[in-house]
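Data first, discussion second: the structure below is written as structure tokens.
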Amino acid sequence: VEKSTVELQQQDLKAEQQKLFDTRKELAFYQKIISPDLQANSLIIDSFAISPAASDRFRFNLVLIEQDKQKNFAKGQISMTVKGTLQGKTKTMDLLQLAGYSKADRRFSFKHFQIFEQEFKLPAEFMPKQVEVTILVPASRGHKAAKVSKVLLWQDVVAGEILE
């Protein structure tokens, strides 16, 4: 009886620790929106992850956050490239093109945050090594043009979520 009670308590403890982790993750997300003074840039890549989808497909998930409370909307354009090898040669591919994004789909305009999600398929025999996510914000009234870029290893973004 004592042994089963201890096992149940350990399971409950693990469940509560997971809830606490999830709550802290949510808090950090909203804190970035509410308290922009904690970050230097007003537009940030909050998270980026790639997960396996149906059969030989993948799904990317990108979350952008605008922290400048004075701006009405964050406007710009995203680009994503995946670098790897194909038949022994280094090759760079446009990940958004693989996902079927048009030029208009690459543009964004949002107030607090925006999530980009889409499935894509890599060519057969392509061995991905790294992903580069770039956000370009053009110059506008009183604001300089900005570029936020992150280069991430493929195994890191597929293994789990990359958080700032």
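Letters A, B, ... go to the chains of the structure tokens in the order shown; residues in each chain start at 1; ligands are counted from 1 in the same order.
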
Worksheet entry | DSSP strand (DSSP E) selection over range 9-104 of chain A, as a ChimeraX atom specification | /A:43-52,57-66,74-86,89-94

Worksheet item: Near Gln155 in chain A, counting only C-alpha atoms, which residues have an atom at most 10 Å away, once you skip same-chain residues fewer than 5 positions from it, shown as an NGL selection string?
Response: :A and (50 or 128-131 or 160)

Item to complete: List every residue of range 1-122 of chain A that DSSP, applied to the backbone of this structure, assigns to helix (DSSP H, G or I), and report them as a PyMOL selection string.
Response: chain A and resi 2-34+36-38+95-98

Worksheet item: Can you tell me how far CA of Arg24 in chain A sits from CA of Asp156 in chain A, in Å to one decimal?
Response: 21.5 Å

Item to complete: Give me the residues within 7 Å of Phe110 in chain A as a list in words, counting only C-alpha atoms and dropping any in the same chain fewer than 5 places off.
Response: Phe73, Ala74 and Lys75 of chain A
